[in-house]
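**Q** Sharing a structure with you now.
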2 protein chains.
Amino acid sequence: MPSDHPAAASTTDAPVRRRDLAVARSLDSARVRSEGRVQRFLDAGFELLASAESGKEFTVQEVVDRSGQSLRSFYQYFAGKHELLLALFDEAIRSTADRLVEHVARETTPFDRLHCFVIEYYKMCLPALNGHASKNNPTPVMAEFCHQLLTAHQAEASRAFVPLVTLLEKVLEESVATGVVRPGLEHEDAAGAILSTIMFNAAYAPTISGTSEPRDRDQGADQMWEFVSAGILAGSPT
Amino acid sequence: MPSDHPAAASTTDAPVRRRDLAVARSLDSARVRSEGRVQRFLDAGFELLASAESGKEFTVQEVVDRSGQSLRSFYQYFAGKHELLLALFDEAIRSTADRLVEHVARETTPFDRLHCFVIEYYKMCLPALNGHASKNNPTPVMAEFCHQLLTAHQAEASRAFVPLVTLLEKVLEESVATGVVRPGLEHEDAAGAILSTIMFNAAYAPTISGTSEPRDRDQGADQMWEFVSAGILAGSPT
DNA sequence: GCCCTAGGGAGAGTCCTGCTCTCATTTGGC
DNA sequence: GCCAAATGAGAGCAGGACTCTCCCTAGGGC
């Protein structure tokens, strides 16, 4: 099944894109068409996520209609709705990681890069104000699916998160090397801990607290940074 | 509407229990029977959550069968599956809060209480090793539903979390008063931030990191405390 | 003890949605 | 131009939430 076509031979470090997996089902010359079709499904998916009101999942039929293709084609490229969601999730995370790379690259010191990462990632995880979404700002539906993955399909979830995790690990490593972060942060789950903290705080902390008025984005981001960087204690920790 | 039945009068003085709402649909003399029926549905729900393999939701029919009652009765007491889940979620959080109260009460200083809260809550949020669950250790299914609530039904989620939030706020307040925690932690979302950090770290950090082997519970809890209390920086935060 | 009504059990029926299958048509390579 | 593969159109199946109807039982009033 694995094709030797360049596009299918994924780069060493990062795992295969789900999108490419779907494309790879087709043969070589037809690849362009296939990519086009797959992409149209993905686009339709993102559009539906974007326009959906809070909490409402799209149906496969909607994706099919919107993409102007047929149910049959859909199931030719995707094993099921789950795989489409997975591909969308994949893309969303990649896109997030890419944008973070850009942001972080502008900073000069390890500390600044770490700070930048936290601030910007937080902002990206903040639910969109209008309730709408884009590839860069997935809706609640995506968040929900994220959970489904994290709980019921851990392996797939891990794979999808790789781009983000490796980026943060790199940033973190630098900081550890220069002594900016405290010792004891080298354990392998540090990156996951920080990511999940930021992500879920952005998404849910206000709801859990029962705070209704949306906080100021920048203020929230600053508080996030303080929390992540300095913790909650006043003096030296016991 | 609140019943004076001992079993219904539990812990915190928070909002109305979902279960009682359901019970209240019936008249007074029939209350005992009603409570019994509702409770049987709840019990069946918990049992099914406990025995379900990862990621598989129970069906209403299963709940009905297991409780030895009829579909008709189910819809007489619950407006839908959603409401049952909500009631279960409610109970689970209450139970968690109750147990935390007990734990925290054993400690003597504000600092110890804070520390105890973080450690114990973390452990409670840890997924059960065997994949099974109880009222005190909800399964992935419950976690997933938690997300559904947090995204699509924020008001209900906020209400459900009240017992936990108020408890932590109390503990936190003490610590602020005695100067144990740094200033700036009085903002109203602090409790939510800490809760979500602990909860989701326990549940997801290893998966996001791609760590497969389960960490030692106590070690994880200690790391969690360090992270929450001391943050990640080495020296004084900028 | 008897009747009468409300509550509850059994289970068929509806609707929605993910998913499969068939058949006819189109499309691209030769 | 021909053939095989790809695609579209749409009927059909399965499972699960929810509704409804029919009937039985139990419990209170007499």
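As shown in the structure tokens, the chain order sets the letters A, B, ...; within each chain, residues go from 1, and ligands are also counted from 1 in the order they appear.
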Would you tabulate, counting only C-alpha atoms (C1' of nucleotides), all residues of chain D that have an atom at most 10 Å from an atom of chain B, showing the closest pair of atoms and their distance in Å to one decimal, sorted by chain then ascending number, as a Markdown table?

**A**
| residue | atom | partner | partner_atom | distance |
| --- | --- | --- | --- | --- |
| D:DG16 | C1' | B:Thr59 | CA | 7.1 |
| D:DA17 | C1' | B:Val60 | CA | 7.6 |
| D:DC18 | C1' | B:Gly80 | CA | 8.0 |
| D:DT19 | C1' | B:Arg72 | CA | 9.2 |
| D:DC20 | C1' | B:Arg72 | CA | 9.8 |

**Q** Using only C-alpha atoms, find which residues of chain A lie within 6 Å of chain B and jot them down as a PyMOL selection string.

**A** chain A and resi 54-55+140+151-152+158+180-182+189+192-193+197+201+205-210+228-234

**Q** Taking only C-alpha atoms (C1' of nucleotides) into account, which residues of chain C are within 12 Å of chain A, as an MDAnalysis selection string?

**A** chainID C and resid 16:22 27:29

**Q** Write out as an NGL selection string the residues lying within 12 Å of DC30 of chain C, counting only C-alpha atoms (C1' of nucleotides) and excluding same-chain residues fewer than 6 positions away.

**A** :D and (1-4)

**Q** Can you write out the residues you just picked, keeping C-alpha atoms (C1' of nucleotides), as a compact mmCIF listing (two decimals), in the first residue's frame?

**A**
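Here's the written file again10.txt:
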# COMPACT_ATOMS: atom_id res chain seq x y z
C1' DG D 1 -12.63 4.47 -30.08
C1' DC D 2 -12.30 1.05 -26.22
C1' DC D 3 -11.81 -0.59 -21.72
C1' DA D 4 -11.19 -0.35 -16.98

**Q** Give me the residues near segment 41-49 of chain B as a count of residues only, where near means some atom within 6 Å (using only C-alpha atoms (C1' of nucleotides)) and where sequence neighbours in that chain fewer than 5 positions away do not count.

**A** 3

**Q** Just the helix (DSSP H, G or I) stuff from segment 147-213 of chain A, please, per backbone DSSP, written as number ranges by chain.

**A** A: 147-152, 154-177, 190-209

**Q** Need the shell around segment 8-12 of chain C: protein/DNA/RNA residues with any atom at most 10 Å away, counting only C-alpha atoms (C1' of nucleotides). Skip same-chain ones fewer than 6 positions apart. Format as a list in words?

**A**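 Non-adjacent residues within range: Gly68, Gln69, Ser70, Leu71, Arg72 and Ser73 of chain B; DC20, DT21, DC22, DC23, DC24 and DT25 of chain D.
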
**Q** Could you take the residues named above and write them with N, CA, C and O atoms (P, O5', C5', C4', C3', O3' and C1' of nucleotides), as a PDB file, in the first residue's frame?

**A**
ATOM      1  N   GLY B  68     -33.640  -2.687  35.688  1.00  0.00           N
ATOM      2  CA  GLY B  68     -34.829  -3.505  35.873  1.00  0.00           C
ATOM      3  C   GLY B  68     -36.111  -2.707  35.740  1.00  0.00           C
ATOM      4  O   GLY B  68     -37.153  -3.087  36.246  1.00  0.00           O
ATOM      5  N   GLN B  69     -36.022  -1.562  35.052  1.00  0.00           N
ATOM      6  CA  GLN B  69     -37.224  -0.755  34.862  1.00  0.00           C
ATOM      7  C   GLN B  69     -37.515  -0.628  33.373  1.00  0.00           C
ATOM      8  O   GLN B  69     -36.958  -1.367  32.578  1.00  0.00           O
ATOM      9  N   SER B  70     -38.388   0.252  33.054  1.00  0.00           N
ATOM     10  CA  SER B  70     -38.788   0.329  31.644  1.00  0.00           C
ATOM     11  C   SER B  70     -38.375   1.661  31.015  1.00  0.00           C
ATOM     12  O   SER B  70     -38.165   2.656  31.701  1.00  0.00           O
ATOM     13  N   LEU B  71     -38.287   1.621  29.709  1.00  0.00           N
ATOM     14  CA  LEU B  71     -37.942   2.807  28.948  1.00  0.00           C
ATOM     15  C   LEU B  71     -38.890   3.944  29.300  1.00  0.00           C
ATOM     16  O   LEU B  71     -38.497   5.097  29.452  1.00  0.00           O
ATOM     17  N   ARG B  72     -40.109   3.586  29.424  1.00  0.00           N
ATOM     18  CA  ARG B  72     -41.127   4.576  29.740  1.00  0.00           C
ATOM     19  C   ARG B  72     -40.793   5.301  31.042  1.00  0.00           C
ATOM     20  O   ARG B  72     -40.855   6.519  31.128  1.00  0.00           O
ATOM     21  N   SER B  73     -40.442   4.523  32.052  1.00  0.00           N
ATOM     22  CA  SER B  73     -40.085   5.123  33.332  1.00  0.00           C
ATOM     23  C   SER B  73     -38.891   6.049  33.170  1.00  0.00           C
ATOM     24  O   SER B  73     -38.856   7.148  33.717  1.00  0.00           O
TER      25      SER B  73
ATOM     26  P    DC D  20     -45.478  11.169  21.561  1.00  0.00           P
ATOM     27  O5'  DC D  20     -46.347   9.874  21.260  1.00  0.00           O
ATOM     28  C5'  DC D  20     -45.957   9.011  20.188  1.00  0.00           C
ATOM     29  C4'  DC D  20     -46.777   7.730  20.201  1.00  0.00           C
ATOM     30  C3'  DC D  20     -48.014   7.780  21.098  1.00  0.00           C
ATOM     31  O3'  DC D  20     -49.113   7.209  20.417  1.00  0.00           O
ATOM     32  C1'  DC D  20     -46.624   5.967  21.752  1.00  0.00           C
ATOM     33  P    DT D  21     -50.573   7.335  21.108  1.00  0.00           P
ATOM     34  O5'  DT D  21     -51.246   5.982  20.592  1.00  0.00           O
ATOM     35  C5'  DT D  21     -50.448   4.989  19.954  1.00  0.00           C
ATOM     36  C4'  DT D  21     -50.641   3.628  20.598  1.00  0.00           C
ATOM     37  C3'  DT D  21     -51.903   3.483  21.447  1.00  0.00           C
ATOM     38  O3'  DT D  21     -52.574   2.289  21.070  1.00  0.00           O
ATOM     39  C1'  DT D  21     -50.049   2.709  22.646  1.00  0.00           C
ATOM     40  P    DC D  22     -54.010   1.965  21.647  1.00  0.00           P
ATOM     41  O5'  DC D  22     -53.755   0.581  22.397  1.00  0.00           O
ATOM     42  C5'  DC D  22     -52.842  -0.360  21.858  1.00  0.00           C
ATOM     43  C4'  DC D  22     -52.536  -1.414  22.910  1.00  0.00           C
ATOM     44  C3'  DC D  22     -53.722  -1.739  23.820  1.00  0.00           C
ATOM     45  O3'  DC D  22     -53.841  -3.146  23.978  1.00  0.00           O
ATOM     46  C1'  DC D  22     -51.848  -1.133  25.112  1.00  0.00           C
ATOM     47  P    DC D  23     -55.152  -3.720  24.695  1.00  0.00           P
ATOM     48  O5'  DC D  23     -54.560  -4.259  26.067  1.00  0.00           O
ATOM     49  C5'  DC D  23     -53.349  -5.022  26.065  1.00  0.00           C
ATOM     50  C4'  DC D  23     -52.766  -5.028  27.459  1.00  0.00           C
ATOM     51  C3'  DC D  23     -53.780  -5.338  28.574  1.00  0.00           C
ATOM     52  O3'  DC D  23     -53.269  -6.392  29.363  1.00  0.00           O
ATOM     53  C1'  DC D  23     -52.473  -3.454  29.131  1.00  0.00           C
ATOM     54  P    DC D  24     -54.245  -7.164  30.360  1.00  0.00           P
ATOM     55  O5'  DC D  24     -53.292  -7.444  31.603  1.00  0.00           O
ATOM     56  C5'  DC D  24     -51.887  -7.424  31.403  1.00  0.00           C
ATOM     57  C4'  DC D  24     -51.216  -6.844  32.644  1.00  0.00           C
ATOM     58  C3'  DC D  24     -51.903  -7.220  33.961  1.00  0.00           C
ATOM     59  O3'  DC D  24     -50.902  -7.666  34.855  1.00  0.00           O
ATOM     60  C1'  DC D  24     -51.617  -4.882  33.829  1.00  0.00           C
ATOM     61  P    DT D  25     -51.376  -8.548  36.124  1.00  0.00           P
ATOM     62  O5'  DT D  25     -50.761  -7.724  37.343  1.00  0.00           O
ATOM     63  C5'  DT D  25     -49.557  -6.986  37.153  1.00  0.00           C
ATOM     64  C4'  DT D  25     -49.539  -5.820  38.119  1.00  0.00           C
ATOM     65  C3'  DT D  25     -50.155  -6.140  39.480  1.00  0.00           C
ATOM     66  O3'  DT D  25     -49.173  -5.949  40.465  1.00  0.00           O
ATOM     67  C1'  DT D  25     -50.931  -4.047  38.633  1.00  0.00           C
TER      68       DT D  25
END
